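Visitor: Pasting a structure below so you can have a look.
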Amino acid sequence: MAGTLAEKVWDAHVVRRAEGEPDLLYVDLHLLHEVTSPQAFDGLRAEGRRVRRPDLTLATEDHNVPTTPGPITDPVSRIQVETLRRNCAEFGVRLYPMGDAEQGIVHVVGPQLGLSQPGMTIVCGDSHTSTHGAFGALAFGIGTSEVEHVLATQSLPLAPFRTMAVNVEGALPPGVTAKDVVLAVIARLGTGGGQGYVIEYRGSAIRALSMEARMTVCNMSIEAGARAGMVAPDETTFAYLQGRPKVPAGADWDAAVAAWRELRSDDGARFDATVDIDAATLTPFVTWGTNPGQGARLGASVPDPDLIPDDGEKLAARKALEYMGLAAGTPLREIAVDTVFVGSCTNGRIEDLRAAAEVIRGRTVADGVRMLVVPGSARVRLQAESEGLDRVFTAAGAEWRLPGCSMCLGMNPDQLAPGERSASTSNRNFEGRQGKGGRTHLVSPLVAAATAVRGRLSSPADLEPVTEEVP
Amino acid sequence: MEPFTTHTGIGVPLRRSNVDTDQIIPAVYLKRVTRDGFEDGLFAAWRADHTFILNNPAYAAGSVLVAGADFGTGSSREHAVWALMNYGFRVVISSRFADIFRGNSGKAGLLTAKAAQDDVELLWKYLENNPGESVTVDLPSRTITAGDIVAPFEVDDYTRWRLLEGLDDIGLTLRHEPDIAAYEQRRPAWKPTVDTPS
């Protein structure tokens with residue numbers, strides 16, 4: 001029978017199937033960080049259990065780490081990181097700590113090592129685990145009880161998902177990025193439209209994306225409520241993977257690629273839902289509200305809640321505008337920001353930094369605006385520095401930081417003050433997400449950089465050309 | 001996990017949709033390494049507002065939260081479930097729950113009762129007009145009762161069974177350890193592994 005990509009990966013991992021019970025699925029890779037794991041390790045200790053497969057388990061420090069040099073000053077954050085170190089040492093789990101060359105945001109680290117491969121099941125106590133679906137893996141976030149379950153059994157009982165095809169056909173106009181694609185998808189689906197689904201992103205516009213861009217798209221699947229997002233592996237995937245430290249070589253590479261080529265939805269496979277998007281109609285997209293579904297084209301204005309037909313959404317929009325301090329009808333391009341954040345598991349990879357640097361090169365960050373550039377990993381930071389991107393940012397007046405989750409969720413000192421407004425390449429504009437009372441507009445790296453220059457939400461096309469010769 | 005059969009407690013009408021887990025507990029409260037003490041962070045930003053529902057003494061001891069659609073979206077933090085439970089909630093009623101939140105609740109023993117939006121509206125009106133009144137949530141019959149309101153709710157059979165029995169998921173899975181070992185024998189040798197510390 002014709003099957004979808006998600007169903008094929010699922011079926012290949014069924015350890016046990018029984019009537020009236022969820023399938024027990026094997027987990028190929030379990031990623032850990034300091035926030036959602038301590039109680040799971042405690043649970044193992046309480047029951048005298050061990051980690052079944054330390055060789056399929058990898059930990060990194062990312063959520064709490066400071067992005068300026070020096071130790072963690074917040075004692076509670078420090079205890080959480082130290083707890084992870086103790087737990088990893090006790091249970092024999094590899095940890096990439098602050099300062100290690102392999103440290104970084106968990107969803108940047110897995111792919112860059114080549115640990116995230118097509119057809120795998122990948123879990124982590126973090127909802128943005130959907131990122132790894134860009135490789136054609138079934139990757140999803142889990143809670144701490146499930147983290148403990150996977151540590152103990154390397155498997156998870158899972159209720160079946162439904163499947164959704166999101167077809168993006170055509171060519172993206174210049175200046176329109178993966179971030180704009182996924183923000184438009186979320187605006188279309190709403191924050192709950194993907195609930196119960198695994199999304200497969202398909203179509204020529206998706207095929208044309210780089211691996212890093214596909215990661216940006218899959219990363220935000222959760223913001224539409226979907227547990228996972230996937231892209232079928234292709235030559236772009238194989239080219240990205242080949243030669244990375246954890247990718248098979250020689251005859252094993254051939255065997256792996258042969259298996260990976262089978263990982264596509266069959267012609268005639270049935271999806272439970274389908275969404276079609278015409279790539280040519282997309283433009284830079286930004287959010288105006290307090291959930292990622294409350295977004296609009298950059299060229300639009302803040303919507304009028306009274307014109308929203310659905311009562312629940314009308315109320316939500318009213319509350320959002322009140323929190324965001326915005327008036328209906330204000331052109332989005334007139335919204336002034338205090339802070340620009342470039343980074344996160346959504347847009348903290350080298351291509352994102354290159355894109356932002358290209359816009360900011362030869363320009364300066366507007367007066368009164370602070371711009372933080374936080375690489376997704378130590379390797380991304382080194383690569384960027386070898387290309388001179390750090391100097392492009394600092395010459396423009398931006399701050400070049402150490403890797404971590406940083407202002408995406410403000411567990412470290414990188415936070416918005418109450419009432420401060422950001423243009424952020426991260427993934428969530430929830431109330432208080434970037435700091436109590438902070439106001440977040442989600443944007444692409446291109447829009448972030450242009451906004452830093454103009455001080456108001458902008459695309460690169462809004463900027464005056466750089467006239468001086470740039471070294 | 002404590003078994004769950006029937007619970008009766010003060011109902012709290014929360015007229016908000018899209019209550020994400022950052023609202024249930026902001027990230028700065030996630031730094032504890034235990035499963036308790038998270039009640040301080042529950043709805044921290046909203047509780048600073050004196051008009052917030054839990055600041056009304058009639059609702060402050062609530063244990064059944066009646067919320068708008070898409071409850072628990074966003075971050076996978078199970079701390080959201082712990083914060084609700086640490087505060088005293090045993091049940092959340094909504095017309096739609098985010099997947100991960102619902103899964104986490106089932107593991108930790110918080111019942112997520114999925115009810116029709118019309119019934120949620122009836123419960124809101126009843127609880128707003130009768131502050132401090134109770135709601136009874138009966139898991140065996142999958143029924144919500146409050147005043148004259150009797151409404152059905154959905155919960156999947158497997159979660160219902162585990163909640164009724166108070167079963168530990170890991171213990172259940174470990175009964176099938178030979179199946180896990182057999183699967184491991186079948187895995188392709190080229191699948192990646194992590195360099196474990198020596």
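We label chains A, B, ... in the order they appear in the structure tokens, count residues from 1 in each chain, and number ligands from 1 in the order shown.
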Within region 69-242 of chain A, find each residue whose DSSP state, derived from the backbone, is alpha helix (DSSP H), and express the selection as a PyMOL selection string.

Guide: chain A and resi 75-91+106-113+144-153+178-189+204-207+211-219+235-241

Visitor: Define the interface residues of chain B facing chain A as those within 7 Å, counting only C-alpha atoms, and report them as a count of residues only.

Guide: 35

Visitor: Looking at only C-alpha atoms, which of A:Val373, A:Ala452, A:Ala258, A:Ala398 is the one that sits closest to Ala423 (chain A)?

Guide: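 Using only C-alpha atoms, the shortest distance to Ala423 (chain A) belongs to A:Ala452.
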
Visitor: As a list in words, please: the residues near region 349-357 of chain A (cut-off 9 Å, only C-alpha atoms, same-chain neighbours under 4 positions excluded).

Guide: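 My reading of the contact set: Val108, Glu212, Ala213, Val342, Gly343, Ser344, Cys345, Arg361, Val373, Val374, Pro375, Gly376, Ser377, Val380, Arg381, Gln383, Ala384, Glu387, Leu389, Asp390, Val392, Phe393, Ser444, Pro445, Leu446, Val447, Ala448, Ala449 and Ala450 of chain A.
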
Visitor: Please list as a ChimeraX atom specification every residue within 6 Å of Gln23 (chain B), counting only C-alpha atoms and excluding residues in the same chain fewer than 3 positions away.

Guide: /B:20,26,43

Visitor: Please produce a file of the residues just selected, as an mmCIF file, in the first residue's frame, where the atoms kept are C-alpha atoms.

Guide:
data_model
loop_
_atom_site.group_PDB
_atom_site.id
_atom_site.type_symbol
_atom_site.label_atom_id
_atom_site.label_comp_id
_atom_site.auth_asym_id
_atom_site.auth_seq_id
_atom_site.Cartn_x
_atom_site.Cartn_y
_atom_site.Cartn_z
ATOM 1 C CA ASP B 20 0.639 28.669 25.966
ATOM 2 C CA PRO B 26 7.430 31.515 32.378
ATOM 3 C CA PHE B 43 0.411 32.100 35.533
#

Visitor: Figure out the distance between CA of Val81 (chain B) and CA of Ser105 (chain B), please, to one decimal in Å.

Guide: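 Rounded to one decimal, the two atoms are 5.9 Å apart.
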
Visitor: I need the strand (DSSP E) residues of region 209-366 of chain A per DSSP on the backbone, written as a PyMOL selection string.

Guide: chain A and resi 228-230+273-278+285-287+295-297+339-342

Visitor: Suppose you want the space between CA of Lys8 (chain A) and CA of Arg162 (chain B); what is it in Å?

Guide: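 About the pair CA of Lys8 (chain A) and CA of Arg162 (chain B): they are 28.6 Å apart.
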
Visitor: For Arg270 (chain A), please output as a short mmCIF file (atom, residue, chain, number, x, y, z; two decimals) with C-alpha atoms, in the first residue's frame all residues within 9 Å (counting only C-alpha atoms; exclusion window: fewer than 4 positions along the same chain).

Guide:
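File written: selection.cif
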data_model
loop_
_atom_site.label_atom_id
_atom_site.label_comp_id
_atom_site.auth_asym_id
_atom_site.auth_seq_id
_atom_site.Cartn_x
_atom_site.Cartn_y
_atom_site.Cartn_z
CA ALA A 2 1.22 3.49 -0.79
CA GLY A 3 2.57 5.19 2.32
CA THR A 4 3.70 8.62 3.39
CA THR A 163 -0.45 13.25 8.26
CA SER A 265 5.93 9.51 0.20
CA ASP A 266 4.78 7.13 -2.49
#

Visitor: Out of B:Ser63, B:Ser94, B:Thr143, B:Asn86, which residue has the shortest atom-to-atom distance to Gly9 (chain B) when counting only C-alpha atoms?

Guide: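 For Gly9 (chain B), the nearest of the given residues is B:Ser63.
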
Visitor: Name all residues at most 10 Å from Thr339 (chain A) (count only C-alpha atoms; drop same-chain ones fewer than 3 positions away) and give them as a PyMOL selection string.

Guide: chain A and resi 336+342+368-372+415-416+420-424+439-440+448+451-452+455

Visitor: List as a list of chain:residue names the protein and nucleic acid residues near region 296-303 of chain A, meaning an atom at most 7 Å away when only C-alpha atoms are counted, but skip any in the same chain fewer than 2 places from it.

Guide: A:Thr283, A:Pro284, A:Phe285, A:Val286, A:Thr287, A:Trp288, A:Pro305, A:Ala327, A:Ala328, A:Gly329, A:Thr330, A:Pro331, A:Leu332, A:Arg333
